[in-house]
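A.B. asks: Have a look at this one.
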Amino acid sequence: MANLKKTPQINAASMADISFILFIFFLMVTTMGTDYGLIRQLPPMSDVPNEGTEINKRNVFVVSINQHNNLMVRGEYKDISQLREMAKDFFDLRNAGDEYPEKIQEDLPLIGLTTINKTAVVSLQNDRGTSYKTYIQAQNELAGAVHELRDEFCLQKFGKKYDDCTQEQQDVVGKDVFPMAISEAEPKDISKTKK
Amino acid sequence: MAKFRKDTISETPELATTSLPDIIFMLIFFFMVTTSMRKSTVLVLQRMPDATEVKKLENKSLVSYINIGAPRPEQQSLLGTATRIQLNDKFAAVDEIQEFIASEREKRSENDQKLMTTALKIDEEVRMGLVTDVKQTLRRCGALRISYTARKADKIF
């Protein structure tokens with residue numbers, strides 16, 4: 001039994017240091033922050049100028065921002081903090097009248113017969129000198145208006161918020177009832193069109 | 001009594017450090033899982049605008065970044081303060097974006113190409129003229145899914 005030797009223990013004292021070096025290396029080369037952003041879909045570029053498709057004025061919610069970052073909403077000077085309420089008012093399905101978009105009755109899956117906006121789009125126009133910050137604020141307020149309306153609609157129909165709805169419910173509400181209709185189309189240079 | 005006390009004189013026991021490497025390894029794994037590799041150093045100054053309605057960008061491997069802003073303060077004596085576009089690791093002109101998008105596409109499989117997102121990381125002081133030019137170029141090359149990178153805020157007013 002003399003040859004029953006103990007295996008010599010490995011000295012693990014430096015193990016901690018080695019793993020510390022690895023740890024610091026990872027801290028240096030990786031980035032932590034998750035990216036958040038406003039996700040948008042650009043329209044495809046077409047060579048044909050689409051002058052033929054003139055949308056009725058009452059269906060368009062025109063927001064223009066000039067080079068001094070002043071806001072004009074449907075022909076009136078407004079502050080950016082008013083934009084969300086105005087956009088909500090414009091898209092609201094209960095509002096009828098000449099200044100609101102045309103309504104249409106449609107039979108939608110999961111919801112049934114409902115009144116929806118036939119076409120209602122936001123046209124966000126800016127000058128070349130507009131600051132990006134103001135533009136994003138406007139985008140954010142418009143998106144916020146649509147999100148709030150979706151939430152209200154879903155609470156009324158399904159009893160829960162939009163984000164908690166099933167994929168099918170979200171598809172119907174997100175595509176047919178309240179689409180994110182912010183036109184990123186042909187950028188208009190406000191200063192030029194005035195000439 | 002004194003007899004007993006003699007026996008109880010003790011040294012402070014040594015701290016067991018055998019599990020320290022395991023703890024650090026656990027930390028490493030945590031960081032490996034939650035973070036992603038830094039692709040390139042940002043050469044431009046970036047203060048993202050605040051927004052409340054932001055969504056998280058899923059699938060970072062499908063995202064290509066376009067940075068726009070003034071050069072960093074330490075480089076401003078060399079490069080000036082004019083707004084610049086950064087693609088990968090260097091400054092570029094607007095018409096180089098087309099090439100950049102094409103090379104980004106090549107890196108991904110065919111299925112992933114449709115899901116590619118271009119994240120526009122733009123400083124809040126940038127004028128919209130340049131942003132519009134970039135957007136028009138992106139439309140021309142068919143990179144239609146974009147994301148305006150913003151900082152998540154609870155309220156902006």
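Please note that chains go A, B, ... in the order of the structure tokens, that every chain numbers its residues from 1, and that ligands are numbered from 1 in the order shown.
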Which residues are close to region 44-58 of chain B, i.e. within 8 Å by only C-alpha atoms, leaving aside same-chain residues fewer than 2 positions away? Reply as a ChimeraX atom specification.

C.D. replies: /A:34-39,132-133,136-137,140,143-144 /B:42,60,67-73,84,86,121-124,149-156

A.B. asks: Hey, what's within 9 Å of region 129-141 of chain B if we count only C-alpha atoms and toss same-chain stuff fewer than 6 positions away? As a PyMOL selection string, please?

C.D. replies: (chain A and resi 42-46+126-132+186-187+189) or (chain B and resi 68+83+94-95+97-98+101-102+118+120+122)

A.B. asks: Now that the selection is made, can you save its residues with N, CA and C atoms as a PDB file, in the first residue's frame?

C.D. replies:
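Result went into again_23.pdb, see below:
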```
ATOM      1  N   LEU A  42     -39.115  53.163 -44.557  1.00  0.00           N
ATOM      2  CA  LEU A  42     -39.081  54.169 -45.616  1.00  0.00           C
ATOM      3  C   LEU A  42     -39.834  53.648 -46.832  1.00  0.00           C
ATOM      4  N   PRO A  43     -40.463  54.533 -47.588  1.00  0.00           N
ATOM      5  CA  PRO A  43     -41.110  54.080 -48.814  1.00  0.00           C
ATOM      6  C   PRO A  43     -40.059  53.816 -49.879  1.00  0.00           C
ATOM      7  N   PRO A  44     -40.275  52.829 -50.746  1.00  0.00           N
ATOM      8  CA  PRO A  44     -39.292  52.588 -51.796  1.00  0.00           C
ATOM      9  C   PRO A  44     -39.201  53.765 -52.753  1.00  0.00           C
ATOM     10  N   MET A  45     -38.045  53.934 -53.323  1.00  0.00           N
ATOM     11  CA  MET A  45     -37.831  55.057 -54.239  1.00  0.00           C
ATOM     12  C   MET A  45     -38.462  54.732 -55.584  1.00  0.00           C
ATOM     13  N   SER A  46     -39.261  55.643 -56.079  1.00  0.00           N
ATOM     14  CA  SER A  46     -39.811  55.432 -57.419  1.00  0.00           C
ATOM     15  C   SER A  46     -39.410  56.604 -58.298  1.00  0.00           C
ATOM     16  N   ASN A 126     -40.122  69.121 -43.270  1.00  0.00           N
ATOM     17  CA  ASN A 126     -39.115  69.894 -42.557  1.00  0.00           C
ATOM     18  C   ASN A 126     -38.238  70.665 -43.516  1.00  0.00           C
ATOM     19  N   ASP A 127     -37.569  71.616 -42.959  1.00  0.00           N
ATOM     20  CA  ASP A 127     -36.621  72.423 -43.712  1.00  0.00           C
ATOM     21  C   ASP A 127     -35.250  71.779 -43.586  1.00  0.00           C
ATOM     22  N   ARG A 128     -34.336  72.136 -44.481  1.00  0.00           N
ATOM     23  CA  ARG A 128     -32.981  71.573 -44.365  1.00  0.00           C
ATOM     24  C   ARG A 128     -32.284  72.057 -43.091  1.00  0.00           C
ATOM     25  N   GLY A 129     -32.761  73.170 -42.556  1.00  0.00           N
ATOM     26  CA  GLY A 129     -32.113  73.719 -41.378  1.00  0.00           C
ATOM     27  C   GLY A 129     -32.746  73.288 -40.066  1.00  0.00           C
ATOM     28  N   THR A 130     -33.826  72.530 -40.136  1.00  0.00           N
ATOM     29  CA  THR A 130     -34.477  72.038 -38.921  1.00  0.00           C
ATOM     30  C   THR A 130     -33.511  71.178 -38.117  1.00  0.00           C
ATOM     31  N   SER A 131     -33.523  71.312 -36.814  1.00  0.00           N
ATOM     32  CA  SER A 131     -32.612  70.481 -36.026  1.00  0.00           C
ATOM     33  C   SER A 131     -33.210  69.093 -35.849  1.00  0.00           C
ATOM     34  N   TYR A 132     -32.305  68.141 -35.811  1.00  0.00           N
ATOM     35  CA  TYR A 132     -32.704  66.735 -35.698  1.00  0.00           C
ATOM     36  C   TYR A 132     -33.479  66.487 -34.409  1.00  0.00           C
ATOM     37  N   GLU A 186     -41.348  61.800 -50.118  1.00  0.00           N
ATOM     38  CA  GLU A 186     -40.596  62.916 -50.702  1.00  0.00           C
ATOM     39  C   GLU A 186     -40.410  64.076 -49.745  1.00  0.00           C
ATOM     40  N   PRO A 187     -39.187  64.307 -49.341  1.00  0.00           N
ATOM     41  CA  PRO A 187     -38.972  65.414 -48.424  1.00  0.00           C
ATOM     42  C   PRO A 187     -39.231  66.735 -49.127  1.00  0.00           C
ATOM     43  N   ASP A 189     -38.814  70.667 -49.134  1.00  0.00           N
ATOM     44  CA  ASP A 189     -38.065  71.741 -48.516  1.00  0.00           C
ATOM     45  C   ASP A 189     -39.009  72.922 -48.392  1.00  0.00           C
TER      46      ASP A 189
ATOM     47  N   ILE B  68     -23.670  60.022 -37.326  1.00  0.00           N
ATOM     48  CA  ILE B  68     -23.558  61.376 -37.874  1.00  0.00           C
ATOM     49  C   ILE B  68     -23.424  62.376 -36.728  1.00  0.00           C
ATOM     50  N   THR B  83     -20.377  68.922 -39.489  1.00  0.00           N
ATOM     51  CA  THR B  83     -20.990  67.605 -39.303  1.00  0.00           C
ATOM     52  C   THR B  83     -20.423  66.594 -40.292  1.00  0.00           C
ATOM     53  N   VAL B  94     -21.774  61.272 -48.340  1.00  0.00           N
ATOM     54  CA  VAL B  94     -23.120  60.706 -48.459  1.00  0.00           C
ATOM     55  C   VAL B  94     -23.171  59.600 -49.506  1.00  0.00           C
ATOM     56  N   ASP B  95     -22.483  59.802 -50.642  1.00  0.00           N
ATOM     57  CA  ASP B  95     -22.605  58.784 -51.712  1.00  0.00           C
ATOM     58  C   ASP B  95     -21.831  57.506 -51.413  1.00  0.00           C
ATOM     59  N   ILE B  97     -22.460  55.808 -48.815  1.00  0.00           N
ATOM     60  CA  ILE B  97     -23.404  54.981 -48.061  1.00  0.00           C
ATOM     61  C   ILE B  97     -23.876  53.802 -48.904  1.00  0.00           C
ATOM     62  N   GLN B  98     -24.095  54.075 -50.196  1.00  0.00           N
ATOM     63  CA  GLN B  98     -24.554  53.036 -51.106  1.00  0.00           C
ATOM     64  C   GLN B  98     -23.618  51.820 -51.064  1.00  0.00           C
ATOM     65  N   ILE B 101     -23.833  50.032 -47.620  1.00  0.00           N
ATOM     66  CA  ILE B 101     -25.001  49.161 -47.486  1.00  0.00           C
ATOM     67  C   ILE B 101     -24.802  47.874 -48.276  1.00  0.00           C
ATOM     68  N   ALA B 102     -24.215  48.011 -49.484  1.00  0.00           N
ATOM     69  CA  ALA B 102     -23.965  46.828 -50.300  1.00  0.00           C
ATOM     70  C   ALA B 102     -23.032  45.855 -49.587  1.00  0.00           C
ATOM     71  N   THR B 118     -31.091  49.646 -40.539  1.00  0.00           N
ATOM     72  CA  THR B 118     -30.023  50.625 -40.469  1.00  0.00           C
ATOM     73  C   THR B 118     -30.328  51.561 -39.309  1.00  0.00           C
ATOM     74  N   LEU B 120     -29.716  54.837 -37.438  1.00  0.00           N
ATOM     75  CA  LEU B 120     -29.134  56.156 -37.650  1.00  0.00           C
ATOM     76  C   LEU B 120     -28.832  56.750 -36.285  1.00  0.00           C
ATOM     77  N   ILE B 122     -27.632  59.715 -34.710  1.00  0.00           N
ATOM     78  CA  ILE B 122     -27.409  61.089 -35.127  1.00  0.00           C
ATOM     79  C   ILE B 122     -27.430  62.008 -33.914  1.00  0.00           C
TER      80      ILE B 122
END
```

A.B. asks: Give me, as a PyMOL selection string, all polymer residues having an atom no more than 8 Å from Val121 (chain A), counting only C-alpha atoms and skipping those fewer than 6 positions away in the same chain.

C.D. replies: chain A and resi 59-61+181-183

A.B. asks: If I take CA of Arg40 (chain A) and CA of Ile146 (chain B), how far is one from the other in Å, to one decimal?

C.D. replies: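 So the two atoms, CA of Arg40 (chain A) and CA of Ile146 (chain B), lie 5.4 Å apart.
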
A.B. asks: Among region 49-124 of chain A, which residues does DSSP mark as alpha helix (DSSP H) when it is run on the backbone? Keep the chain and numbering as in the structure and answer as a PyMOL selection string.

C.D. replies: chain A and resi 83-91

A.B. asks: Just checking: using only C-alpha atoms, which residue out of A:Gln167, A:Tyr135, A:Pro109, A:Gln41 ends up closest to Ala119 (chain B)?

C.D. replies: A:Gln41

A.B. asks: Compile the contact shell of Arg108 (chain B) as a PyMOL selection string: residues with an atom at most 12 Å away, counting only C-alpha atoms, same-chain residues fewer than 5 positions apart removed.

C.D. replies: chain B and resi 61-64+101-103+113-117

A.B. asks: Only N, CA, C and O atoms, please: the residues just picked out, written as an mmCIF file, in the first residue's frame.

C.D. replies:
```cif
data_model
loop_
_atom_site.group_PDB
_atom_site.id
_atom_site.type_symbol
_atom_site.label_atom_id
_atom_site.label_comp_id
_atom_site.auth_asym_id
_atom_site.auth_seq_id
_atom_site.Cartn_x
_atom_site.Cartn_y
_atom_site.Cartn_z
ATOM 1 N N SER B 61 -27.110 41.633 -34.624
ATOM 2 C CA SER B 61 -26.304 41.194 -35.764
ATOM 3 C C SER B 61 -26.896 41.679 -37.083
ATOM 4 O O SER B 61 -26.232 41.658 -38.109
ATOM 5 N N LEU B 62 -28.164 42.086 -37.060
ATOM 6 C CA LEU B 62 -28.799 42.529 -38.299
ATOM 7 C C LEU B 62 -28.791 44.051 -38.432
ATOM 8 O O LEU B 62 -29.374 44.596 -39.351
ATOM 9 N N VAL B 63 -28.144 44.702 -37.498
ATOM 10 C CA VAL B 63 -28.175 46.158 -37.505
ATOM 11 C C VAL B 63 -26.853 46.714 -38.022
ATOM 12 O O VAL B 63 -25.782 46.275 -37.613
ATOM 13 N N SER B 64 -26.924 47.634 -38.954
ATOM 14 C CA SER B 64 -25.713 48.357 -39.353
ATOM 15 C C SER B 64 -25.877 49.815 -38.934
ATOM 16 O O SER B 64 -26.973 50.368 -38.998
ATOM 17 N N ILE B 101 -23.833 50.032 -47.620
ATOM 18 C CA ILE B 101 -25.001 49.161 -47.486
ATOM 19 C C ILE B 101 -24.802 47.874 -48.276
ATOM 20 O O ILE B 101 -25.107 46.781 -47.798
ATOM 21 N N ALA B 102 -24.215 48.011 -49.484
ATOM 22 C CA ALA B 102 -23.965 46.828 -50.300
ATOM 23 C C ALA B 102 -23.032 45.855 -49.587
ATOM 24 O O ALA B 102 -23.269 44.643 -49.570
ATOM 25 N N SER B 103 -21.984 46.377 -48.952
ATOM 26 C CA SER B 103 -21.039 45.494 -48.263
ATOM 27 C C SER B 103 -21.660 44.900 -47.011
ATOM 28 O O SER B 103 -21.384 43.760 -46.644
ATOM 29 N N GLN B 113 -31.190 39.389 -45.085
ATOM 30 C CA GLN B 113 -31.078 40.678 -45.764
ATOM 31 C C GLN B 113 -32.357 41.497 -45.702
ATOM 32 O O GLN B 113 -32.322 42.709 -45.620
ATOM 33 N N LYS B 114 -33.497 40.783 -45.722
ATOM 34 C CA LYS B 114 -34.769 41.510 -45.672
ATOM 35 C C LYS B 114 -35.006 42.117 -44.296
ATOM 36 O O LYS B 114 -35.738 43.087 -44.152
ATOM 37 N N LEU B 115 -34.398 41.519 -43.296
ATOM 38 C CA LEU B 115 -34.648 41.974 -41.925
ATOM 39 C C LEU B 115 -33.624 43.001 -41.446
ATOM 40 O O LEU B 115 -33.659 43.441 -40.311
ATOM 41 N N MET B 116 -32.723 43.343 -42.335
ATOM 42 C CA MET B 116 -31.668 44.277 -41.930
ATOM 43 C C MET B 116 -32.229 45.650 -41.557
ATOM 44 O O MET B 116 -33.130 46.161 -42.203
ATOM 45 N N THR B 117 -31.684 46.196 -40.519
ATOM 46 C CA THR B 117 -32.092 47.522 -40.081
ATOM 47 C C THR B 117 -30.881 48.442 -40.099
ATOM 48 O O THR B 117 -29.786 48.025 -39.753
#
```

A.B. asks: Give me, as a PyMOL selection string, the residues of region 2-135 of chain A that a backbone DSSP run labels strand (DSSP E or B).

C.D. replies: chain A and resi 30-31+36-41+60-65+71-73+76-78+103-108+112-117+121-126+131

A.B. asks: With N, CA, C and O atoms retained, could you export that selection as a compact mmCIF listing (two decimals), in the first residue's frame?

C.D. replies:
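This went into result22.txt:
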```txt
# COMPACT_ATOMS: atom_id res chain seq x y z
N THR A 30 -16.43 44.94 -24.80
CA THR A 30 -17.85 44.82 -25.08
C THR A 30 -18.59 46.11 -24.72
O THR A 30 -18.11 46.91 -23.95
N THR A 31 -19.73 46.25 -25.32
CA THR A 31 -20.57 47.41 -25.01
C THR A 31 -21.80 46.92 -24.28
O THR A 31 -22.36 45.88 -24.60
N TYR A 36 -31.95 51.73 -28.24
CA TYR A 36 -33.37 52.00 -28.40
C TYR A 36 -33.53 52.94 -29.58
O TYR A 36 -32.66 53.75 -29.86
N GLY A 37 -34.64 52.85 -30.24
CA GLY A 37 -34.84 53.75 -31.37
C GLY A 37 -36.27 53.76 -31.84
O GLY A 37 -37.08 52.92 -31.45
N LEU A 38 -36.56 54.75 -32.66
CA LEU A 38 -37.87 54.83 -33.30
C LEU A 38 -37.73 54.12 -34.64
O LEU A 38 -37.01 54.59 -35.52
N ILE A 39 -38.41 52.99 -34.77
CA ILE A 39 -38.23 52.20 -35.98
C ILE A 39 -39.25 52.62 -37.03
O ILE A 39 -40.44 52.73 -36.75
N ARG A 40 -38.77 52.90 -38.20
CA ARG A 40 -39.62 53.38 -39.30
C ARG A 40 -39.32 52.62 -40.58
O ARG A 40 -38.23 52.11 -40.77
N GLN A 41 -40.32 52.58 -41.43
CA GLN A 41 -40.15 51.96 -42.74
C GLN A 41 -40.17 53.06 -43.79
O GLN A 41 -41.13 53.81 -43.88
N VAL A 60 -55.23 64.56 -44.49
CA VAL A 60 -53.80 64.74 -44.22
C VAL A 60 -53.59 65.68 -43.04
O VAL A 60 -54.20 66.73 -42.95
N PHE A 61 -52.75 65.24 -42.15
CA PHE A 61 -52.40 66.02 -40.98
C PHE A 61 -51.00 66.57 -41.24
O PHE A 61 -50.01 65.88 -41.08
N VAL A 62 -50.97 67.79 -41.71
CA VAL A 62 -49.67 68.35 -42.12
C VAL A 62 -48.96 69.00 -40.93
O VAL A 62 -49.50 69.86 -40.26
N VAL A 63 -47.77 68.54 -40.69
CA VAL A 63 -46.92 69.15 -39.65
C VAL A 63 -45.67 69.64 -40.35
O VAL A 63 -44.98 68.87 -41.00
N SER A 64 -45.41 70.94 -40.28
CA SER A 64 -44.16 71.40 -40.87
C SER A 64 -43.33 72.12 -39.82
O SER A 64 -43.85 72.79 -38.93
N ILE A 65 -42.04 71.94 -39.94
CA ILE A 65 -41.10 72.55 -39.00
C ILE A 65 -40.12 73.38 -39.81
O ILE A 65 -39.54 72.89 -40.78
N LEU A 71 -43.12 75.18 -35.19
CA LEU A 71 -43.99 74.13 -35.67
C LEU A 71 -45.26 74.73 -36.27
O LEU A 71 -45.83 75.66 -35.72
N MET A 72 -45.67 74.19 -37.40
CA MET A 72 -46.96 74.59 -37.94
C MET A 72 -47.77 73.33 -38.15
O MET A 72 -47.35 72.41 -38.84
N VAL A 73 -48.94 73.28 -37.50
CA VAL A 73 -49.79 72.11 -37.60
C VAL A 73 -51.09 72.52 -38.29
O VAL A 73 -51.81 73.38 -37.76
N GLU A 76 -51.56 76.28 -38.59
CA GLU A 76 -51.50 77.17 -37.44
C GLU A 76 -50.21 76.95 -36.66
O GLU A 76 -49.75 75.82 -36.53
N TYR A 77 -49.66 78.03 -36.15
CA TYR A 77 -48.47 77.89 -35.31
C TYR A 77 -48.84 77.22 -34.00
O TYR A 77 -49.80 77.60 -33.35
N LYS A 78 -48.09 76.21 -33.64
CA LYS A 78 -48.37 75.49 -32.39
C LYS A 78 -47.07 75.21 -31.68
O LYS A 78 -45.99 75.24 -32.27
N LYS A 103 -64.44 58.71 -42.79
CA LYS A 103 -64.62 57.45 -42.08
C LYS A 103 -65.26 56.42 -43.00
O LYS A 103 -65.96 56.76 -43.95
N ILE A 104 -65.01 55.16 -42.70
CA ILE A 104 -65.59 54.09 -43.50
C ILE A 104 -65.93 52.95 -42.55
O ILE A 104 -65.26 52.74 -41.54
N GLN A 105 -67.04 52.24 -42.87
CA GLN A 105 -67.42 51.08 -42.06
C GLN A 105 -66.75 49.85 -42.63
O GLN A 105 -66.80 49.62 -43.82
N GLU A 106 -66.08 49.09 -41.79
CA GLU A 106 -65.45 47.89 -42.32
C GLU A 106 -65.59 46.73 -41.34
O GLU A 106 -65.56 46.92 -40.13
N ASP A 107 -65.75 45.53 -41.94
CA ASP A 107 -65.87 44.32 -41.13
C ASP A 107 -64.48 43.72 -40.95
O ASP A 107 -63.92 43.15 -41.89
N LEU A 108 -63.93 43.86 -39.76
CA LEU A 108 -62.57 43.38 -39.53
C LEU A 108 -62.60 42.09 -38.73
O LEU A 108 -63.49 41.88 -37.91
N GLY A 112 -65.00 42.86 -35.74
CA GLY A 112 -66.34 43.01 -36.29
C GLY A 112 -66.49 44.33 -37.00
O GLY A 112 -65.49 44.97 -37.37
N LEU A 113 -67.72 44.75 -37.18
CA LEU A 113 -67.98 45.97 -37.93
C LEU A 113 -67.56 47.19 -37.10
O LEU A 113 -68.08 47.42 -36.02
N THR A 114 -66.63 47.92 -37.64
CA THR A 114 -66.20 49.13 -36.93
C THR A 114 -65.99 50.28 -37.91
O THR A 114 -65.77 50.07 -39.10
N THR A 115 -66.06 51.46 -37.38
CA THR A 115 -65.74 52.63 -38.17
C THR A 115 -64.24 52.85 -38.10
O THR A 115 -63.66 52.86 -37.01
N ILE A 116 -63.63 52.98 -39.25
CA ILE A 116 -62.20 53.31 -39.23
C ILE A 116 -61.94 54.48 -40.17
O ILE A 116 -62.78 54.84 -40.98
N ASN A 117 -60.78 55.08 -40.02
CA ASN A 117 -60.40 56.15 -40.93
C ASN A 117 -60.08 55.54 -42.28
O ASN A 117 -59.32 54.58 -42.38
N VAL A 121 -53.33 60.23 -42.98
CA VAL A 121 -51.87 60.19 -42.92
C VAL A 121 -51.32 61.48 -42.31
O VAL A 121 -51.93 62.54 -42.38
N VAL A 122 -50.18 61.33 -41.69
CA VAL A 122 -49.46 62.47 -41.18
C VAL A 122 -48.37 62.78 -42.19
O VAL A 122 -47.66 61.89 -42.64
N SER A 123 -48.29 64.02 -42.58
CA SER A 123 -47.20 64.41 -43.46
C SER A 123 -46.28 65.30 -42.67
O SER A 123 -46.64 66.40 -42.29
N LEU A 124 -45.11 64.79 -42.39
CA LEU A 124 -44.14 65.53 -41.58
C LEU A 124 -43.13 66.18 -42.52
O LEU A 124 -42.37 65.50 -43.18
N GLN A 125 -43.21 67.50 -42.60
CA GLN A 125 -42.31 68.21 -43.52
C GLN A 125 -41.31 69.02 -42.72
O GLN A 125 -41.62 69.53 -41.66
N ASN A 126 -40.12 69.12 -43.27
CA ASN A 126 -39.11 69.89 -42.56
C ASN A 126 -38.24 70.67 -43.52
O ASN A 126 -38.19 70.38 -44.71
N SER A 131 -33.52 71.31 -36.81
CA SER A 131 -32.61 70.48 -36.03
C SER A 131 -33.21 69.09 -35.85
O SER A 131 -34.42 68.91 -35.78
```

A.B. asks: Hey, what's within 9 Å of Asp151 (chain A) if we count only C-alpha atoms and toss same-chain stuff fewer than 6 positions away? As an MDAnalysis selection string, please?

C.D. replies: chainID A and resid 160:163

A.B. asks: Keeping only C-alpha atoms, take the residues you just selected and write them out as an mmCIF file, in the first residue's frame.

C.D. replies:
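Result written to result.cif:
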```cif
data_model
loop_
_atom_site.group_PDB
_atom_site.id
_atom_site.type_symbol
_atom_site.label_atom_id
_atom_site.label_comp_id
_atom_site.auth_asym_id
_atom_site.auth_seq_id
_atom_site.Cartn_x
_atom_site.Cartn_y
_atom_site.Cartn_z
ATOM 1 C CA LYS A 160 -56.061 44.957 -22.291
ATOM 2 C CA LYS A 161 -53.370 47.231 -23.608
ATOM 3 C CA TYR A 162 -51.973 46.921 -27.132
ATOM 4 C CA ASP A 163 -48.696 45.402 -26.003
#
```

A.B. asks: Under the rule that only C-alpha atoms are counted, which of A:Ile10, A:Leu83, A:Ala138, A:Val29 is the nearest residue to chain B?

C.D. replies: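 So, comparing all the options, the nearest one is A:Val29.
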
A.B. asks: Please provide the set of residues having any atom within 10 Å of Glu85 (chain A), restricted to only C-alpha atoms, with same-chain residues fewer than 6 positions apart removed, written as a PyMOL selection string.

C.D. replies: chain A and resi 141-142+144-145

A.B. asks: Closest to chain B among A:Gln9, A:Thr134, A:Ala87, A:Glu99, using only C-alpha atoms?

C.D. replies: A:Thr134

A.B. asks: Determine the nearest neighbour of chain B from the options A:Thr7, A:Thr119, A:Gln139, A:Asn70, counting only C-alpha atoms.

C.D. replies: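 Closest to chain B of all the choices is A:Gln139.
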
A.B. asks: Please determine, counting only C-alpha atoms, which residue among B:Asn88, B:Asn59, B:Thr41, B:Thr18 has the shortest atom-to-atom distance to chain A.

C.D. replies: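 Selected residue with least distance to chain A: B:Thr18.
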